[in-house]
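Peer 1: Below is start.cif; it holds mmCIF, C-alpha atoms.
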data_data
loop_
_atom_site.group_PDB
_atom_site.id
_atom_site.type_symbol
_atom_site.label_atom_id
_atom_site.label_comp_id
_atom_site.auth_asym_id
_atom_site.auth_seq_id
_atom_site.Cartn_x
_atom_site.Cartn_y
_atom_site.Cartn_z
ATOM 1 C CA MET O 340 -4.111 8.319 29.740
ATOM 2 C CA GLY O 341 -7.568 9.809 29.635
ATOM 3 C CA THR O 342 -10.453 9.333 27.289
ATOM 4 C CA GLN O 343 -9.058 11.970 24.907
ATOM 5 C CA GLY O 344 -5.786 10.046 24.605
ATOM 6 C CA PHE O 345 -7.557 6.813 23.695
ATOM 7 C CA PHE O 346 -9.685 8.703 21.207
ATOM 8 C CA GLN O 347 -6.568 10.089 19.491
ATOM 9 C CA ILE O 348 -4.974 6.636 19.312
ATOM 10 C CA HIS O 349 -8.172 5.165 17.877
ATOM 11 C CA LEU O 350 -8.468 8.017 15.395
ATOM 12 C CA TRP O 351 -4.920 7.750 14.029
ATOM 13 C CA VAL O 352 -4.741 3.955 13.980
ATOM 14 C CA GLY O 353 -8.066 3.861 12.152
ATOM 15 C CA ALA O 354 -6.918 6.466 9.632
ATOM 16 C CA GLY O 355 -3.640 4.602 9.041
ATOM 17 C CA VAL O 356 -5.340 1.237 8.565
ATOM 18 C CA GLY O 357 -7.929 2.796 6.262
ATOM 19 C CA PHE O 358 -5.201 4.404 4.157
ATOM 20 C CA TYR O 359 -3.315 1.082 3.973
ATOM 21 C CA ILE O 360 -6.429 -0.772 2.788
ATOM 22 C CA VAL O 361 -7.192 1.829 0.117
ATOM 23 C CA LEU O 362 -3.558 1.862 -1.051
ATOM 24 C CA MET O 363 -3.402 -1.938 -1.357
ATOM 25 C CA SER O 364 -6.775 -2.042 -3.118
ATOM 26 C CA ILE O 365 -5.855 0.545 -5.727
ATOM 27 C CA THR O 366 -2.368 -0.795 -6.433
ATOM 28 C CA GLY O 367 -3.669 -4.373 -6.519
ATOM 29 C CA SER O 368 -6.335 -3.370 -9.026
ATOM 30 C CA LEU O 369 -3.708 -1.745 -11.235
ATOM 31 C CA ILE O 370 -1.479 -4.825 -11.064
ATOM 32 C CA VAL O 371 -4.327 -6.905 -12.496
ATOM 33 C CA TYR O 372 -3.874 -4.883 -15.701
ATOM 34 C CA ARG O 373 -0.070 -4.980 -15.540
ATOM 35 C CA ASN O 374 0.421 -6.781 -18.863
ATOM 36 C CA ASP O 375 -1.862 -4.367 -20.699
ATOM 37 C CA LEU O 376 -0.277 -1.297 -19.090
ATOM 38 C CA GLU O 377 3.253 -2.473 -19.930
ATOM 39 C CA LYS O 378 2.390 -2.530 -23.625
ATOM 40 C CA THR O 379 2.855 1.235 -23.485
ATOM 41 C CA PRO O 380 6.628 1.766 -23.169
ATOM 42 C CA SER O 381 6.288 5.032 -21.253
ATOM 43 C CA LEU O 382 4.315 3.260 -18.489
ATOM 44 C CA VAL O 383 6.729 0.381 -17.824
ATOM 45 C CA SER O 384 8.703 2.164 -15.092
ATOM 46 C CA SER O 385 5.492 3.455 -13.501
ATOM 47 C CA VAL O 386 4.036 -0.041 -13.403
ATOM 48 C CA GLU O 387 7.195 -1.424 -11.792
ATOM 49 C CA TRP O 388 7.002 1.351 -9.189
ATOM 50 C CA ILE O 389 3.375 0.423 -8.454
ATOM 51 C CA VAL O 390 4.337 -3.242 -8.074
ATOM 52 C CA ASP O 391 7.137 -2.306 -5.656
ATOM 53 C CA LEU O 392 4.713 -0.118 -3.706
ATOM 54 C CA HIS O 393 2.160 -2.921 -3.511
ATOM 55 C CA GLU O 394 4.626 -5.652 -2.559
ATOM 56 C CA ASN O 395 7.273 -3.818 -0.504
ATOM 57 C CA LEU O 396 5.785 -0.396 0.317
ATOM 58 C CA LEU O 397 8.890 1.026 -1.432
ATOM 59 C CA PHE O 398 11.070 -0.071 1.532
ATOM 60 C CA GLY O 399 12.558 -3.362 0.324
ATOM 61 C CA THR O 400 12.704 -6.217 2.829
ATOM 62 C CA ASN O 401 11.520 -4.063 5.731
ATOM 63 C CA GLY O 402 8.528 -2.902 3.706
ATOM 64 C CA ARG O 403 7.656 -6.472 2.798
ATOM 65 C CA PHE O 404 7.728 -7.394 6.506
ATOM 66 C CA VAL O 405 5.438 -4.465 7.414
ATOM 67 C CA ASN O 406 3.185 -5.339 4.483
ATOM 68 C CA GLY O 407 3.010 -8.924 5.736
ATOM 69 C CA ILE O 408 1.849 -7.705 9.129
ATOM 70 C CA GLY O 409 -0.791 -5.601 7.392
ATOM 71 C CA ALA O 410 -1.903 -8.599 5.338
ATOM 72 C CA ILE O 411 -2.272 -10.741 8.459
ATOM 73 C CA GLY O 412 -4.297 -7.978 10.115
#
Take the structure in this file and express it as structure tokens.

Peer 2:
Amino acid sequence: MGTQGFFQIHLWVGAGVGFYIVLMSITGSLIVYRNDLEKTPSLVSSVEWIVDLHENLLFGTNGRFVNGIGAIG
């Protein structure tokens, strides 16, 4: 694998990790206001979806495992 191959790996791993950090930051910030957001009945299902995204990446037990690896990293 040449220099270009390593560059591509570095590029895509960096983009993926950056996206993961931004996603966890935004959803975590929204969860802080969970109680206030759930006072609006139309937002309850959206808030639960955000919590599932933050905790399980919308993939149940497998998502929680992947999320745990991301948290350790």

Peer 1: Any chance you could work out the axis-aligned box around segment 376-386 of chain O, listed atoms only, 6 Å on each side, giving centre and edge lengths in Å to one decimal, as lines of an AutoDock Vina configuration file?

Peer 2:
center_x = 4.2
center_y = 1.3
center_z = -18.5
size_x = 21.0
size_y = 19.6
size_z = 22.2

Peer 1: Tell me which of O:Gly341, O:Val390, O:Asn395, O:Arg403 sits closest to Gly367 of chain O, counting all atoms listed in the file.

Peer 2: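 Among O:Gly341, O:Val390, O:Asn395, O:Arg403, it is O:Val390 that comes nearest to Gly367 of chain O.
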
Peer 1: Going by the chain IDs and residue numbers used in this file, which residues fall under the PyMOL selection byres ((chain O and resi 368-374) around 9)? Write them as a short mmCIF file (atom, residue, chain, number, x, y, z; two decimals) with C-alpha atoms, keeping the file's coordinate frame.

Peer 2:
data_model
loop_
_atom_site.label_atom_id
_atom_site.label_comp_id
_atom_site.auth_asym_id
_atom_site.auth_seq_id
_atom_site.Cartn_x
_atom_site.Cartn_y
_atom_site.Cartn_z
CA MET O 363 -3.40 -1.94 -1.36
CA SER O 364 -6.78 -2.04 -3.12
CA ILE O 365 -5.86 0.55 -5.73
CA THR O 366 -2.37 -0.80 -6.43
CA GLY O 367 -3.67 -4.37 -6.52
CA ASP O 375 -1.86 -4.37 -20.70
CA LEU O 376 -0.28 -1.30 -19.09
CA GLU O 377 3.25 -2.47 -19.93
CA LYS O 378 2.39 -2.53 -23.62
CA VAL O 383 6.73 0.38 -17.82
CA VAL O 386 4.04 -0.04 -13.40
CA GLU O 387 7.20 -1.42 -11.79
CA ILE O 389 3.38 0.42 -8.45
CA VAL O 390 4.34 -3.24 -8.07
CA HIS O 393 2.16 -2.92 -3.51
#

Peer 1: Evaluate the PyMOL selection byres ((chain O and resi 342-359) around 10) here and jot the selected residues down as a PDB file with C-alpha atoms, in the coordinates of the input.

Peer 2:
ATOM      1  CA  MET O 340      -4.111   8.319  29.740  1.00  0.00           C
ATOM      2  CA  GLY O 341      -7.568   9.809  29.635  1.00  0.00           C
ATOM      3  CA  ILE O 360      -6.429  -0.772   2.788  1.00  0.00           C
ATOM      4  CA  VAL O 361      -7.192   1.829   0.117  1.00  0.00           C
ATOM      5  CA  LEU O 362      -3.558   1.862  -1.051  1.00  0.00           C
ATOM      6  CA  MET O 363      -3.402  -1.938  -1.357  1.00  0.00           C
ATOM      7  CA  SER O 364      -6.775  -2.042  -3.118  1.00  0.00           C
ATOM      8  CA  LEU O 396       5.785  -0.396   0.317  1.00  0.00           C
ATOM      9  CA  ASN O 406       3.185  -5.339   4.483  1.00  0.00           C
ATOM     10  CA  GLY O 409      -0.791  -5.601   7.392  1.00  0.00           C
ATOM     11  CA  ALA O 410      -1.903  -8.599   5.338  1.00  0.00           C
ATOM     12  CA  GLY O 412      -4.297  -7.978  10.115  1.00  0.00           C
TER      13      GLY O 412
END

Peer 1: Mind giving me the straight-line distance from atom CA of Ile408 of chain O to atom CA of Ser384 of chain O in Å, one decimal?

Peer 2: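 It comes out at 27.0 Å.
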